[in-house]
$ cat query.cif   # mmCIF, C-alpha atoms
data_query
loop_
_atom_site.label_atom_id
_atom_site.label_comp_id
_atom_site.auth_asym_id
_atom_site.auth_seq_id
_atom_site.Cartn_x
_atom_site.Cartn_y
_atom_site.Cartn_z
CA MET C 1 2.61 -10.58 2.96
CA ALA C 2 0.88 -13.96 2.76
CA GLY C 3 4.19 -15.81 2.46
CA LEU C 4 5.31 -18.83 0.50
CA PHE C 5 1.98 -20.68 0.65
CA GLY C 6 -0.74 -18.39 1.96
CA PRO C 7 -3.95 -19.08 3.89
CA SER C 8 -5.72 -20.58 0.85
CA SER C 9 -3.19 -23.43 0.62
CA VAL C 10 -3.45 -26.98 1.91
CA THR C 11 -0.07 -26.53 3.59
CA TRP C 12 -1.37 -23.63 5.71
CA GLN C 13 -4.14 -25.75 7.19
CA LEU C 14 -2.25 -29.03 7.58
CA HIS C 15 0.90 -27.76 9.26
CA ALA C 16 -1.04 -26.53 12.29
CA ASP C 17 -2.75 -29.89 12.87
CA PRO C 18 -2.11 -31.60 16.24
CA VAL C 19 -0.69 -34.75 14.62
CA MET C 20 2.16 -32.93 12.92
CA TRP C 21 4.49 -33.69 15.82
CA VAL C 22 3.87 -37.41 15.32
CA ALA C 23 4.43 -36.93 11.60
CA GLY C 24 7.75 -35.21 12.30
CA VAL C 25 8.92 -38.13 14.42
CA ARG C 26 7.87 -40.60 11.72
CA ALA C 27 9.92 -38.58 9.24
CA LEU C 28 13.00 -38.94 11.45
CA TYR C 29 12.54 -42.71 11.67
CA LEU C 30 12.22 -42.88 7.90
CA GLN C 31 15.06 -40.48 7.07
CA ALA C 32 17.44 -42.49 9.27
CA LEU C 33 17.10 -45.53 6.99
CA HIS C 34 19.16 -43.87 4.24
CA PRO C 35 22.74 -44.69 5.33
CA ARG C 36 24.41 -41.77 3.55
CA ALA C 37 21.81 -39.25 4.70
CA VAL C 38 21.78 -40.28 8.36
CA ARG C 39 25.58 -40.47 8.42
CA ALA C 40 25.74 -36.90 7.15
CA VAL C 41 23.47 -35.76 9.99
CA VAL C 42 25.33 -37.62 12.70
CA GLN C 43 28.79 -36.57 11.49
CA ASN C 44 27.87 -32.89 11.15
CA SER C 45 25.75 -32.19 14.18
CA ASP C 46 25.70 -32.53 17.94
CA PHE C 47 23.04 -35.21 17.60
CA ARG C 48 24.31 -37.28 20.50
CA LYS C 49 25.00 -34.24 22.71
CA ASP C 50 21.95 -32.23 21.67
CA PRO C 51 19.49 -34.74 20.21
CA TRP C 52 16.51 -32.42 20.66
CA GLY C 53 18.14 -29.70 18.57
CA ARG C 54 17.41 -31.18 15.14
CA LEU C 55 13.77 -31.84 15.99
CA PHE C 56 13.14 -28.28 17.18
CA ARG C 57 15.15 -26.68 14.36
CA THR C 58 13.13 -28.62 11.80
CA ALA C 59 9.87 -27.58 13.49
CA ASP C 60 10.98 -23.94 13.47
CA PHE C 61 11.96 -24.12 9.79
CA VAL C 62 8.56 -25.58 8.89
CA GLY C 63 6.82 -22.89 10.96
CA VAL C 64 8.74 -20.01 9.39
CA THR C 65 8.40 -21.26 5.83
CA THR C 66 4.69 -22.01 6.24
CA TYR C 67 3.46 -18.95 8.14
CA GLY C 68 6.22 -16.37 7.79
CA THR C 69 6.54 -13.78 5.06
CA ARG C 70 8.15 -14.75 1.77
CA ALA C 71 11.25 -12.80 2.80
CA GLU C 72 11.45 -14.71 6.10
CA ALA C 73 11.05 -18.04 4.29
CA GLU C 74 13.74 -17.15 1.76
CA ARG C 75 16.12 -16.06 4.53
CA ALA C 76 15.55 -19.38 6.29
CA GLY C 77 16.28 -21.23 3.06
CA THR C 78 19.41 -19.19 2.41
CA ARG C 79 20.67 -19.97 5.90
CA VAL C 80 20.11 -23.72 5.43
CA ARG C 81 21.82 -23.73 2.01
CA ARG C 82 24.80 -21.77 3.36
CA ILE C 83 25.28 -24.19 6.25
CA HIS C 84 24.93 -27.28 4.07
CA ALA C 85 27.31 -25.98 1.38
CA GLY C 86 30.33 -26.21 3.65
CA LEU C 87 29.63 -29.63 5.19
CA ARG C 88 30.94 -33.04 4.15
CA ALA C 89 30.47 -36.59 5.40
CA VAL C 90 32.76 -39.61 5.11
CA ASP C 91 31.79 -43.18 4.30
CA PRO C 92 33.63 -45.22 6.97
CA THR C 93 33.87 -48.27 4.69
CA THR C 94 35.21 -46.69 1.51
CA GLY C 95 36.67 -43.46 2.86
CA GLU C 96 34.66 -41.51 0.26
CA LYS C 97 33.97 -37.90 1.22
CA TYR C 98 30.69 -36.48 -0.06
CA ARG C 99 28.68 -33.28 0.16
CA ILE C 100 25.66 -33.32 2.41
CA ASP C 101 23.83 -31.02 -0.02
CA ASP C 102 24.01 -33.71 -2.69
CA PRO C 103 20.67 -33.39 -4.54
CA GLU C 104 19.92 -37.08 -4.02
CA LEU C 105 20.24 -36.72 -0.25
CA LEU C 106 18.21 -33.50 -0.19
CA ARG C 107 15.53 -35.22 -2.26
CA TRP C 108 15.37 -38.12 0.21
CA ILE C 109 15.02 -35.81 3.21
CA HIS C 110 12.31 -33.85 1.44
CA CYS C 111 10.31 -36.87 0.31
CA ALA C 112 10.56 -38.65 3.67
CA GLU C 113 9.26 -35.52 5.39
CA VAL C 114 6.44 -34.77 2.95
CA GLY C 115 5.45 -38.42 2.77
CA SER C 116 5.32 -38.66 6.56
CA TYR C 117 3.22 -35.51 6.94
CA LEU C 118 0.79 -36.77 4.33
CA SER C 119 0.59 -40.36 5.59
CA VAL C 120 0.16 -39.54 9.28
CA ALA C 121 -2.45 -36.88 8.55
CA ARG C 122 -4.50 -39.26 6.42
CA GLN C 123 -4.29 -42.06 8.98
CA ALA C 124 -5.31 -39.65 11.75
CA GLY C 125 -8.46 -38.56 9.93
CA PHE C 126 -7.38 -35.19 8.51
CA PRO C 127 -9.98 -34.51 5.78
CA PHE C 128 -7.76 -35.18 2.79
CA THR C 129 -9.31 -35.99 -0.56
CA ASP C 130 -6.99 -37.40 -3.21
CA ALA C 131 -7.05 -34.00 -4.93
CA LEU C 132 -6.05 -32.21 -1.73
CA ALA C 133 -3.26 -34.70 -1.12
CA ASP C 134 -1.90 -34.09 -4.62
CA ARG C 135 -2.19 -30.34 -4.11
CA TYR C 136 -0.20 -30.62 -0.87
CA VAL C 137 2.62 -32.62 -2.46
CA ASP C 138 2.77 -30.11 -5.30
CA GLU C 139 2.83 -27.14 -2.89
CA GLN C 140 5.79 -28.66 -1.08
CA ARG C 141 7.91 -28.22 -4.17
CA ARG C 142 8.28 -24.62 -2.95
CA SER C 143 9.92 -25.91 0.22
CA ALA C 144 12.25 -28.08 -1.86
CA GLU C 145 13.39 -24.99 -3.77
CA LEU C 146 14.31 -23.28 -0.51
CA VAL C 147 16.91 -25.93 0.33
CA GLY C 148 18.46 -25.96 -3.14
CA LEU C 149 16.41 -28.36 -5.26
CA ALA C 150 14.55 -27.54 -8.46
CA ALA C 151 10.78 -27.93 -8.27
CA ASP C 152 10.84 -30.56 -11.03
CA ASP C 153 13.40 -32.62 -9.09
CA VAL C 154 10.86 -33.71 -6.46
CA PRO C 155 7.50 -35.47 -6.72
CA GLY C 156 4.50 -33.33 -7.59
CA SER C 157 1.70 -35.77 -6.71
CA SER C 158 0.97 -38.65 -4.35
CA ALA C 159 1.50 -41.14 -7.17
CA ASP C 160 4.90 -39.58 -7.96
CA LEU C 161 5.81 -39.81 -4.29
CA ASP C 162 4.87 -43.50 -4.17
CA ARG C 163 6.99 -44.18 -7.25
CA TYR C 164 9.93 -42.38 -5.66
CA PHE C 165 9.78 -44.58 -2.56
CA ASP C 166 9.47 -47.74 -4.67
CA GLY C 167 12.59 -46.75 -6.58
CA ILE C 168 14.78 -45.83 -3.63
CA ARG C 169 14.03 -48.80 -1.38
CA PRO C 170 17.08 -50.84 -2.55
CA GLU C 171 19.33 -48.05 -1.22
CA LEU C 172 17.84 -48.10 2.28
CA ALA C 173 19.23 -50.16 5.14
CA MET C 174 19.62 -50.39 8.88
CA SER C 175 22.90 -48.87 10.11
CA ASP C 176 24.59 -48.02 13.39
CA GLU C 177 23.52 -44.40 12.93
CA ALA C 178 19.91 -45.46 12.29
CA GLN C 179 20.04 -47.45 15.52
CA ASP C 180 21.20 -44.32 17.34
CA VAL C 181 18.21 -42.40 15.96
CA PHE C 182 15.85 -45.23 16.85
CA ASP C 183 17.16 -45.36 20.43
CA PHE C 184 16.87 -41.60 20.84
CA LEU C 185 13.33 -41.44 19.52
CA ARG C 186 12.23 -44.18 21.89
CA ARG C 187 13.97 -42.83 24.97
CA PRO C 188 15.42 -39.34 24.50
CA PRO C 189 17.57 -37.96 27.31
CA VAL C 190 15.61 -35.68 29.65
CA PRO C 191 16.18 -34.22 33.14
CA LEU C 192 15.31 -36.61 35.95
CA MET C 193 12.12 -34.73 36.81
CA LEU C 194 10.79 -35.33 33.26
CA VAL C 195 11.50 -39.07 33.05
CA LEU C 196 7.95 -40.01 34.01
CA GLY C 197 6.50 -37.64 31.40
CA ARG C 198 8.80 -39.13 28.78
CA GLU C 199 7.63 -42.65 29.57
CA VAL C 200 3.94 -41.73 29.77
CA LEU C 201 3.58 -39.11 27.02
CA TRP C 202 6.55 -39.05 24.67
CA ARG C 203 6.72 -42.83 24.41
CA GLN C 204 3.16 -42.86 23.05
CA VAL C 205 4.11 -40.34 20.35
CA ALA C 206 7.20 -42.37 19.42
CA GLU C 207 5.26 -45.64 19.35
CA LEU C 208 2.49 -44.20 17.15
CA ALA C 209 5.02 -42.62 14.80
CA TYR C 210 6.78 -45.97 14.43
CA ALA C 211 3.48 -47.83 13.92
CA ALA C 212 2.62 -45.36 11.14
CA LEU C 213 5.72 -46.31 9.12
CA PRO C 214 5.27 -48.47 6.02
CA ASP C 215 5.81 -52.18 6.65
CA TRP C 216 8.99 -52.26 4.57
CA ALA C 217 10.57 -49.60 6.81
CA LYS C 218 9.68 -51.52 9.96
CA GLU C 219 11.19 -54.66 8.46
CA LEU C 220 14.50 -52.81 8.09
CA TYR C 221 14.28 -51.80 11.75
CA GLY C 222 13.61 -55.39 12.75
CA THR C 223 9.82 -55.09 13.18
CA ARG C 224 9.99 -53.68 16.69
CA GLY C 225 7.28 -51.69 18.43
CA LEU C 226 3.57 -51.44 17.77
CA PRO C 227 2.12 -53.10 14.65
CA SER C 228 0.64 -51.11 11.78
CA VAL C 229 -2.89 -52.08 12.72
CA VAL C 230 -2.87 -49.76 15.76
CA ALA C 231 -1.63 -46.68 13.87
CA ARG C 232 -4.89 -45.49 12.36
CA PRO C 233 -7.14 -45.84 15.46
CA GLY C 234 -4.38 -44.56 17.75
CA LEU C 235 -3.72 -41.50 15.62
CA LYS C 236 -7.42 -40.73 15.33
CA VAL C 237 -7.83 -40.82 19.10
CA LEU C 238 -4.73 -38.67 19.62
CA ARG C 239 -5.90 -36.11 17.07
CA ARG C 240 -9.36 -35.95 18.62
CA VAL C 241 -8.06 -35.56 22.19
CA VAL C 242 -5.35 -33.03 21.40
CA GLY C 243 -7.63 -31.23 18.96
CA ALA C 244 -10.19 -30.66 21.69
CA ALA C 245 -7.51 -29.02 23.80
CA THR C 246 -5.95 -27.02 20.95
CA PRO C 247 -7.93 -23.78 21.53
CA VAL C 248 -6.74 -23.69 25.14
CA ILE C 249 -3.18 -24.59 24.16
CA ARG C 250 -3.10 -21.85 21.52
CA ALA C 251 -4.48 -19.34 24.00
CA VAL C 252 -1.85 -20.18 26.63
CA TYR C 253 1.08 -21.11 24.38
CA PRO C 254 0.42 -19.54 20.97
CA SER C 255 2.65 -20.52 18.07
CA PRO C 256 4.75 -17.44 17.31
CA HIS C 257 4.63 -18.26 13.60
CA ILE C 258 0.84 -18.58 13.44
CA ARG C 259 0.37 -15.58 15.71
CA GLY C 260 2.62 -13.53 13.44
CA ALA C 261 0.60 -14.55 10.39
CA MET C 262 -2.67 -13.62 12.09
CA ASP C 263 -1.25 -10.26 13.16
CA ARG C 264 -0.27 -9.55 9.55
CA LEU C 265 -3.32 -10.92 7.77
CA GLY C 266 -6.13 -10.92 10.32
CA PRO C 267 -7.64 -13.50 12.70
CA GLU C 268 -9.69 -15.08 9.93
CA VAL C 269 -6.57 -16.80 8.53
CA GLN C 270 -6.14 -18.99 11.61
CA PRO C 271 -5.42 -22.50 10.26
CA SER C 272 -8.30 -24.96 10.29
CA PRO C 273 -9.33 -28.02 8.26
CA ASP C 274 -12.60 -26.16 7.67
CA ARG C 275 -10.65 -23.71 5.50
CA LEU C 276 -9.19 -26.30 3.15
CA PRO C 277 -9.66 -25.32 -0.49
CA LYS C 278 -12.59 -26.92 -2.28
CA LEU C 279 -11.13 -28.83 -5.18
CA GLY C 280 -13.12 -30.46 -7.91
CA SER C 281 -12.24 -33.68 -9.65
CA GLY C 282 -10.45 -31.73 -12.36
CA ASP C 283 -8.14 -29.86 -10.01
#
$ encode --input "query.cif" --output "C-alpha cells"
Amino acid sequence: MAGLFGPSSVTWQLHADPVMWVAGVRALYLQALHPRAVRAVVQNSDFRKDPWGRLFRTADFVGVTTYGTRAEAERAGTRVRRIHAGLRAVDPTTGEKYRIDDPELLRWIHCAEVGSYLSVARQAGFPFTDALADRYVDEQRRSAELVGLAADDVPGSSADLDRYFDGIRPELAMSDEAQDVFDFLRRPPVPLMLVLGREVLWRQVAELAYAALPDWAKELYGTRGLPSVVARPGLKVLRRVVGAATPVIRAVYPSPHIRGAMDRLGPEVQPSPDRLPKLGSGD
C-alpha cells in the first residue's frame, strides 16, 4: 500500500516541497541541451501546439509514482514504455532514424531530472545532508526502472551523478529545438487574461530555474538571464514564502496524489522535511 518509495523515503518528503516546480523547469532547460533527446520530444509531441502538456504530464507521472500504490506506479511506467516503444526520431542532418527509448536518451532524461530536483532543493535550503542526497539519488533508480532502464544503468549517488554529467558534456549543444524550449519556458503561450500573471509570476519561476543551472549549461544557452549568484538567495526566499502558504494551498487545492496516500495510510504520512530519515555517517 505504501507504494514505490513509502513515507520513510527521502523522495516522499522532497517531492512535495514548494520548489519542485522550479526544479522541474530547470530539468526542462537542461534536458533540451541534448540534441537527440530534445529532437525526439519535439518530433513526437504537440510541443508547439500544446507546450504545457509535457510539463503537466511529467508532474502527474512524478506524483503517481511517488505517492500512488505500487500497482499505480507500475501501470504508469508500463504506459510510458508502451508509448515510447513505437516512437522514432530523425536526425535532419544525417537522415538517421533512432528510437526515442534508446537507453542513452532515457538515462539523460532521468539524470537531468534527478540532478535538477537535487540541485534546486539544496540551493533553496531543503535540509539535505550528503547522506540524504545520496539516498535520494539511489531511491530514484526505482523510477528509472519504470521507464525501462536497469537500476545499475543510472547513478546511485551524488558523486556518480556528477561523473555522469562530466562525461556527457561533449555531447550537449545548443540547437533550434533547444531554442524553442528556451523561448517557451520564458514566455509560454497563455490566454490574454493571464498575460500579466505570466509576466509577474511565471517569469520569476523561469528566471530562477535558469539561474540555478550549472554555468556550463548557461554557456551553451549563451549566458542569458539571471546570473548564478542570485539562484540560492532567490530560491530560499521563494521556498520560504510559498512554504508559509502551503497549508492553505493544500487545504484549498489538495494534491490528489498526496491526498490519496493520506487516505490510504493515515494523515501522519503527510510529506514534510521534518520526517526525513535520520541517517548516520555510515548510511
$ atom_distance --input "query.cif" --atom1 "atom CA of Pro227 of chain C" --atom2 "atom CA of Val241 of chain C"
21.6 Å
$ resolve_selection --input "query.cif" --expression "the PyMOL selection byres ((chain C and resi 130-135) around 8)" --output "PDB file with C-alpha atoms, keeping the file's coordinate frame"
ATOM      1  CA  VAL C  10      -3.450 -26.980   1.910  1.00  0.00           C
ATOM      2  CA  LEU C 118       0.790 -36.770   4.330  1.00  0.00           C
ATOM      3  CA  PHE C 128      -7.760 -35.180   2.790  1.00  0.00           C
ATOM      4  CA  THR C 129      -9.310 -35.990  -0.560  1.00  0.00           C
ATOM      5  CA  TYR C 136      -0.200 -30.620  -0.870  1.00  0.00           C
ATOM      6  CA  VAL C 137       2.620 -32.620  -2.460  1.00  0.00           C
ATOM      7  CA  ASP C 138       2.770 -30.110  -5.300  1.00  0.00           C
ATOM      8  CA  GLU C 139       2.830 -27.140  -2.890  1.00  0.00           C
ATOM      9  CA  GLY C 156       4.500 -33.330  -7.590  1.00  0.00           C
ATOM     10  CA  SER C 157       1.700 -35.770  -6.710  1.00  0.00           C
ATOM     11  CA  SER C 158       0.970 -38.650  -4.350  1.00  0.00           C
ATOM     12  CA  PRO C 277      -9.660 -25.320  -0.490  1.00  0.00           C
ATOM     13  CA  LEU C 279     -11.130 -28.830  -5.180  1.00  0.00           C
ATOM     14  CA  GLY C 280     -13.120 -30.460  -7.910  1.00  0.00           C
ATOM     15  CA  SER C 281     -12.240 -33.680  -9.650  1.00  0.00           C
ATOM     16  CA  ASP C 283      -8.140 -29.860 -10.010  1.00  0.00           C
TER      17      ASP C 283
END
$ residues_around --input "query.cif" --residues "Arg107 of chain C" --least-positions-apart "5" --cutoff "8 Å" --atoms "only C-alpha atoms" --output "list in words"
Ala144, Leu149, Asp153 and Val154 of chain C
$ closest_atom_pairs --input "query.cif" --of "segment 151-190 of chain C" --to "segment 11-29 of chain C" --cutoff "12 Å" --atoms "all atoms listed in the file" --output "Markdown table"
| residue | atom | partner | partner_atom | distance |
| --- | --- | --- | --- | --- |
| C:Ala173 | CA | C:Tyr29 | CA | 12.0 |
| C:Met174 | CA | C:Tyr29 | CA | 10.8 |
| C:Glu177 | CA | C:Tyr29 | CA | 11.2 |
| C:Ala178 | CA | C:Tyr29 | CA | 7.9 |
| C:Gln179 | CA | C:Tyr29 | CA | 9.7 |
| C:Asp180 | CA | C:Tyr29 | CA | 10.5 |
| C:Val181 | CA | C:Tyr29 | CA | 7.1 |
| C:Phe182 | CA | C:Tyr29 | CA | 6.6 |
| C:Asp183 | CA | C:Tyr29 | CA | 10.3 |
| C:Phe184 | CA | C:Tyr29 | CA | 10.2 |
| C:Leu185 | CA | C:Val25 | CA | 7.5 |
| C:Arg186 | CA | C:Val25 | CA | 10.2 |
$ resolve_selection --input "query.cif" --expression "the PyMOL selection byres ((chain C and resi 218) around 12)" --output "ChimeraX atom specification"
/C:26,29-30,32-33,172-174,182,207,209-217,219-228
$ atom_distance --input "query.cif" --atom1 "atom CA of Glu74 of chain C" --atom2 "atom CA of Pro35 of chain C"
29.2 Å
$ atom_distance --input "query.cif" --atom1 "atom CA of Arg79 of chain C" --atom2 "atom CA of Leu146 of chain C"
9.6 Å
$ closest_residue --input "query.cif" --among "C:Pro155, C:Phe126, C:Ala150, C:Gly6" --to "Thr66 of chain C" --atoms "only C-alpha atoms"
C:Gly6
$ closest_residue --input "query.cif" --among "C:Leu161, C:Ala73, C:Ala40, C:Val80" --to "Leu105 of chain C" --atoms "only C-alpha atoms"
C:Ala40
$ axis_aligned_box --input "query.cif" --around "segment 21-34 of chain C" --padding-each-side "5 Å" --output "lines of an AutoDock Vina configuration file"
center_x = 11.5
center_y = -39.6
center_z = 10.0
size_x = 25.3
size_y = 21.8
size_z = 21.6
$ closest_residue --input "query.cif" --among "C:Val242, C:Ala2, C:Ala112, C:Val64" --to "Arg169 of chain C" --atoms "only C-alpha atoms"
C:Ala112
$ decode --input "query.cif" --residues "segment 28-39 of chain C" --atoms "all heavy atoms" --output "mmCIF file, in the first residue's frame"
data_model
loop_
_atom_site.group_PDB
_atom_site.id
_atom_site.type_symbol
_atom_site.label_atom_id
_atom_site.label_comp_id
_atom_site.auth_asym_id
_atom_site.auth_seq_id
_atom_site.Cartn_x
_atom_site.Cartn_y
_atom_site.Cartn_z
ATOM 1 N N LEU C 28 13.795 20.850 -17.578
ATOM 2 C CA LEU C 28 13.466 21.029 -18.989
ATOM 3 C C LEU C 28 14.543 21.828 -19.713
ATOM 4 O O LEU C 28 14.916 21.506 -20.848
ATOM 5 C CB LEU C 28 12.111 21.719 -19.128
ATOM 6 C CG LEU C 28 10.894 20.901 -18.684
ATOM 7 C CD1 LEU C 28 9.626 21.737 -18.827
ATOM 8 C CD2 LEU C 28 10.780 19.615 -19.486
ATOM 9 N N TYR C 29 15.032 22.904 -19.073
ATOM 10 C CA TYR C 29 16.150 23.647 -19.669
ATOM 11 C C TYR C 29 17.325 22.718 -19.933
ATOM 12 O O TYR C 29 17.949 22.756 -21.002
ATOM 13 C CB TYR C 29 16.626 24.737 -18.701
ATOM 14 C CG TYR C 29 15.866 26.037 -18.695
ATOM 15 C CD1 TYR C 29 15.310 26.526 -17.506
ATOM 16 C CD2 TYR C 29 15.745 26.822 -19.840
ATOM 17 C CE1 TYR C 29 14.647 27.746 -17.466
ATOM 18 C CE2 TYR C 29 15.083 28.044 -19.810
ATOM 19 C CZ TYR C 29 14.537 28.503 -18.617
ATOM 20 O OH TYR C 29 13.890 29.709 -18.579
ATOM 21 N N LEU C 30 17.654 21.905 -18.941
ATOM 22 C CA LEU C 30 18.824 21.037 -19.054
ATOM 23 C C LEU C 30 18.604 19.939 -20.084
ATOM 24 O O LEU C 30 19.464 19.690 -20.943
ATOM 25 C CB LEU C 30 19.137 20.431 -17.682
ATOM 26 C CG LEU C 30 20.504 19.759 -17.505
ATOM 27 C CD1 LEU C 30 21.636 20.714 -17.840
ATOM 28 C CD2 LEU C 30 20.648 19.242 -16.079
ATOM 29 N N GLN C 31 17.456 19.273 -20.042
ATOM 30 C CA GLN C 31 17.172 18.192 -20.977
ATOM 31 C C GLN C 31 17.242 18.657 -22.426
ATOM 32 O O GLN C 31 17.655 17.911 -23.314
ATOM 33 C CB GLN C 31 15.802 17.602 -20.676
ATOM 34 C CG GLN C 31 15.754 16.801 -19.384
ATOM 35 C CD GLN C 31 14.335 16.494 -18.920
ATOM 36 O OE1 GLN C 31 13.379 17.054 -19.428
ATOM 37 N NE2 GLN C 31 14.208 15.615 -17.938
ATOM 38 N N ALA C 32 16.852 19.907 -22.671
ATOM 39 C CA ALA C 32 16.810 20.438 -24.037
ATOM 40 C C ALA C 32 18.186 20.597 -24.649
ATOM 41 O O ALA C 32 18.299 20.780 -25.876
ATOM 42 C CB ALA C 32 16.075 21.776 -24.050
ATOM 43 N N LEU C 33 19.246 20.517 -23.865
ATOM 44 C CA LEU C 33 20.598 20.705 -24.385
ATOM 45 C C LEU C 33 21.190 19.430 -24.972
ATOM 46 O O LEU C 33 22.311 19.452 -25.483
ATOM 47 C CB LEU C 33 21.514 21.249 -23.285
ATOM 48 C CG LEU C 33 21.226 22.701 -22.879
ATOM 49 C CD1 LEU C 33 22.078 23.095 -21.680
ATOM 50 C CD2 LEU C 33 21.466 23.654 -24.042
ATOM 51 N N HIS C 34 20.452 18.327 -24.916
ATOM 52 C CA HIS C 34 20.890 17.104 -25.594
ATOM 53 C C HIS C 34 20.172 17.069 -26.942
ATOM 54 O O HIS C 34 18.963 16.829 -27.001
ATOM 55 C CB HIS C 34 20.522 15.878 -24.761
ATOM 56 C CG HIS C 34 21.191 14.619 -25.223
ATOM 57 N ND1 HIS C 34 21.010 14.108 -26.499
ATOM 58 C CD2 HIS C 34 22.054 13.764 -24.582
ATOM 59 C CE1 HIS C 34 21.707 12.999 -26.619
ATOM 60 N NE2 HIS C 34 22.357 12.773 -25.478
ATOM 61 N N PRO C 35 20.876 17.322 -28.047
ATOM 62 C CA PRO C 35 20.199 17.468 -29.351
ATOM 63 C C PRO C 35 19.327 16.286 -29.735
ATOM 64 O O PRO C 35 18.209 16.472 -30.236
ATOM 65 C CB PRO C 35 21.365 17.651 -30.334
ATOM 66 C CG PRO C 35 22.440 18.288 -29.499
ATOM 67 C CD PRO C 35 22.314 17.628 -28.139
ATOM 68 N N ARG C 36 19.788 15.066 -29.522
ATOM 69 C CA ARG C 36 18.985 13.905 -29.912
ATOM 70 C C ARG C 36 17.760 13.762 -29.021
ATOM 71 O O ARG C 36 16.669 13.416 -29.490
ATOM 72 C CB ARG C 36 19.840 12.634 -29.848
ATOM 73 C CG ARG C 36 20.864 12.544 -30.963
ATOM 74 C CD ARG C 36 21.868 11.438 -30.720
ATOM 75 N NE ARG C 36 21.274 10.114 -30.775
ATOM 76 C CZ ARG C 36 21.154 9.386 -31.890
ATOM 77 N NH1 ARG C 36 21.559 9.875 -33.053
ATOM 78 N NH2 ARG C 36 20.634 8.182 -31.857
ATOM 79 N N ALA C 37 17.911 14.036 -27.737
ATOM 80 C CA ALA C 37 16.787 13.893 -26.808
ATOM 81 C C ALA C 37 15.720 14.943 -27.080
ATOM 82 O O ALA C 37 14.522 14.629 -27.135
ATOM 83 C CB ALA C 37 17.284 13.999 -25.368
ATOM 84 N N VAL C 38 16.108 16.204 -27.236
ATOM 85 C CA VAL C 38 15.110 17.251 -27.439
ATOM 86 C C VAL C 38 14.456 17.105 -28.808
ATOM 87 O O VAL C 38 13.270 17.387 -28.976
ATOM 88 C CB VAL C 38 15.736 18.648 -27.253
ATOM 89 C CG1 VAL C 38 16.671 19.014 -28.400
ATOM 90 C CG2 VAL C 38 14.645 19.712 -27.097
ATOM 91 N N ARG C 39 15.203 16.635 -29.794
ATOM 92 C CA ARG C 39 14.616 16.404 -31.117
ATOM 93 C C ARG C 39 13.543 15.322 -31.039
ATOM 94 O O ARG C 39 12.480 15.432 -31.671
ATOM 95 C CB ARG C 39 15.715 15.992 -32.095
ATOM 96 C CG ARG C 39 15.276 15.893 -33.552
ATOM 97 C CD ARG C 39 16.453 15.487 -34.427
ATOM 98 N NE ARG C 39 17.542 16.442 -34.299
ATOM 99 C CZ ARG C 39 18.796 16.110 -33.973
ATOM 100 N NH1 ARG C 39 19.102 14.849 -33.740
ATOM 101 N NH2 ARG C 39 19.720 17.039 -33.902
#
